[in-house]
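Participant: Attaching a single structure in structure tokens format; questions to follow.
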Amino acid sequence: MTTIGFIGAGRIGSQLARLAVRHGYDVVLANSRGPESLAPLIEELGPSARSATAEEAAEAGDLVVVSLPVRAIGDVPAAPLAGKAVIDTGNYYPQRDGVIAELEDESLTVAELLQRHAPRSHVVKAFNHITAPDLTADASPAATPGRRALTVAGNDDTARARVAAFIDDIGFDVVDLGPLAEGWRVQRDTPVYGVRLDADGVCAAVAAAKRHLHI
Ligand SMILES: NC(=O)c1ccc[n+]([C@@H]2O[C@H](COP(=O)([O-])OP(=O)(O)OC[C@H]3O[C@@H](n4cnc5c(N)ncnc54)[C@H](OP(=O)(O)O)[C@@H]3O)[C@@H](O)[C@H]2O)c1
């Protein structure tokens, strides 16, 4: 049994938790307002779910999902994530997150910011280019014709493979982008962003991606 820790249990975190529970995972969820505020979600998810502090969710997870506004990355507890595969779902919206210089000049990607904050963890970019409702609507068993594909990017091969196996298990084909720095290919406003594509379609879309901000 694998436990998935969630730091951030909003639209994408909660929907991913629903999907994970459906596929037999235990989930431990944390938000900014404290464990009690997650009681309705925990009740909905059932006995495989519990709420916790962010520190506890990071400790409990064999795999940890960080699904926060990018401005909150600095609050993620880094020490308990050491050695773990950590999924970053974040997208940068300066109107929401404030202006972050490294993201404005594209010297770093969002996931690289998290990797810098938690340097002993193995950050894998995933789930940022699918909307929360589509996570449950588009999930389908392996070998379903036209199965939707999602991407992974990360510097650690084992962590990337682990996250890819999780994604396949919960309902999607996987396209491996390689290192974390390649995550820009699926960031906001790229061809794959929010679009339902199978693996061939995702490969074509990421190949066509252009960096879109100031470069
Ligand atoms: N919504 C989508 O369809 C979607 C799809 C792909 C990627 N994304 C990206 O994924 C990230 C999360 O998006 P979302 O739509 O799920 O956001 P959301 O609905 O606003 O949820 C954010 C979650 O993060 C928690 N949080 C905020 N600050 C925190 C902190 N300092 N410590 C712990 N928890 C904190 C919030 O807790 P409280 O509610 O208690 O404040 C909430 O549970 C964003 O970067 C977004 O751009 C979103």
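We name chains A, B, ... following the order of the structure tokens; residues begin at 1 in each chain, and ligands are numbered from 1 as shown.
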Check the DSSP output for the backbone and give back, as number ranges by chain, the residues of segment 39-203 of chain A in alpha helix (DSSP H).
Facilitator: A: 39-45, 54-60, 94-97, 101-104, 110-117, 132-137, 157-170, 199-203
Participant: With only C-alpha atoms as the counted atoms, please give the residues lying no more than 12 Å from Ser37 of chain A, apart from itself and same-chain residues fewer than 3 positions off, as a list of chain:residue names.
Facilitator: A:Ala9, A:Gly10, A:Leu29, A:Ala30, A:Asn31, A:Ser32, A:Arg33, A:Gly34, A:Pro40, A:Leu41, A:Ile42, A:Glu43, A:Arg50, A:Ser51, A:Ala52, A:Thr53
Participant: Keeping only N, CA, C and O atoms, write those residues as an mmCIF file, in the first residue's frame.
Facilitator:
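Result file is out.cif:
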data_model
loop_
_atom_site.group_PDB
_atom_site.id
_atom_site.type_symbol
_atom_site.label_atom_id
_atom_site.label_comp_id
_atom_site.auth_asym_id
_atom_site.auth_seq_id
_atom_site.Cartn_x
_atom_site.Cartn_y
_atom_site.Cartn_z
ATOM 1 N N ALA A 9 -4.641 20.976 -0.734
ATOM 2 C CA ALA A 9 -5.789 20.090 -0.960
ATOM 3 C C ALA A 9 -6.934 20.888 -1.549
ATOM 4 O O ALA A 9 -8.089 20.745 -1.166
ATOM 5 N N GLY A 10 -6.612 21.754 -2.499
ATOM 6 C CA GLY A 10 -7.617 22.571 -3.175
ATOM 7 C C GLY A 10 -8.157 21.814 -4.373
ATOM 8 O O GLY A 10 -8.342 20.597 -4.336
ATOM 9 N N LEU A 29 -3.775 14.493 3.731
ATOM 10 C CA LEU A 29 -3.928 15.810 3.103
ATOM 11 C C LEU A 29 -3.699 16.953 4.081
ATOM 12 O O LEU A 29 -4.160 16.900 5.229
ATOM 13 N N ALA A 30 -3.039 18.006 3.566
ATOM 14 C CA ALA A 30 -2.794 19.201 4.375
ATOM 15 C C ALA A 30 -3.101 20.443 3.561
ATOM 16 O O ALA A 30 -2.948 20.454 2.333
ATOM 17 N N ASN A 31 -3.537 21.482 4.250
ATOM 18 C CA ASN A 31 -3.764 22.773 3.592
ATOM 19 C C ASN A 31 -3.191 23.877 4.475
ATOM 20 O O ASN A 31 -2.391 23.594 5.380
ATOM 21 N N SER A 32 -3.580 25.133 4.238
ATOM 22 C CA SER A 32 -3.011 26.204 5.061
ATOM 23 C C SER A 32 -3.845 26.475 6.303
ATOM 24 O O SER A 32 -3.373 27.034 7.267
ATOM 25 N N ARG A 33 -5.132 26.047 6.283
ATOM 26 C CA ARG A 33 -6.039 26.408 7.387
ATOM 27 C C ARG A 33 -6.072 25.382 8.503
ATOM 28 O O ARG A 33 -6.770 25.573 9.488
ATOM 29 N N GLY A 34 -5.347 24.274 8.333
ATOM 30 C CA GLY A 34 -5.286 23.285 9.399
ATOM 31 C C GLY A 34 -6.170 22.078 9.140
ATOM 32 O O GLY A 34 -7.145 22.146 8.393
ATOM 33 N N PRO A 40 -14.777 17.841 5.868
ATOM 34 C CA PRO A 40 -15.750 17.388 4.855
ATOM 35 C C PRO A 40 -15.104 16.554 3.745
ATOM 36 O O PRO A 40 -15.678 15.557 3.300
ATOM 37 N N LEU A 41 -13.915 16.960 3.308
ATOM 38 C CA LEU A 41 -13.226 16.210 2.252
ATOM 39 C C LEU A 41 -12.815 14.823 2.754
ATOM 40 O O LEU A 41 -12.968 13.822 2.043
ATOM 41 N N ILE A 42 -12.331 14.765 3.978
ATOM 42 C CA ILE A 42 -11.909 13.475 4.539
ATOM 43 C C ILE A 42 -13.116 12.542 4.660
ATOM 44 O O ILE A 42 -13.032 11.353 4.350
ATOM 45 N N GLU A 43 -14.241 13.102 5.058
ATOM 46 C CA GLU A 43 -15.450 12.287 5.167
ATOM 47 C C GLU A 43 -15.842 11.743 3.787
ATOM 48 O O GLU A 43 -16.182 10.575 3.630
ATOM 49 N N ARG A 50 -6.849 10.784 5.598
ATOM 50 C CA ARG A 50 -6.827 11.555 6.847
ATOM 51 C C ARG A 50 -6.214 12.913 6.573
ATOM 52 O O ARG A 50 -5.486 13.096 5.578
ATOM 53 N N SER A 51 -6.505 13.858 7.457
ATOM 54 C CA SER A 51 -5.915 15.186 7.313
ATOM 55 C C SER A 51 -4.785 15.334 8.313
ATOM 56 O O SER A 51 -4.700 14.595 9.301
ATOM 57 N N ALA A 52 -3.912 16.297 8.052
ATOM 58 C CA ALA A 52 -2.697 16.444 8.855
ATOM 59 C C ALA A 52 -2.132 17.835 8.632
ATOM 60 O O ALA A 52 -2.666 18.609 7.835
ATOM 61 N N THR A 53 -1.057 18.130 9.324
ATOM 62 C CA THR A 53 -0.305 19.342 9.003
ATOM 63 C C THR A 53 0.544 19.067 7.757
ATOM 64 O O THR A 53 0.751 17.907 7.376
#
Participant: Between A:Ala49, A:Ile4, A:Ala72, A:Leu177, which one has atoms that come closest to ligand 1, using only C-alpha atoms and all ligand atoms?
Facilitator: A:Ala72
Participant: Taking 4 positions as the minimum chain separation for residues in the same chain, which residues sit within 12 Å of segment 103-120 of chain A when counting only C-alpha atoms? Answer as a count of residues only.
Facilitator: 60
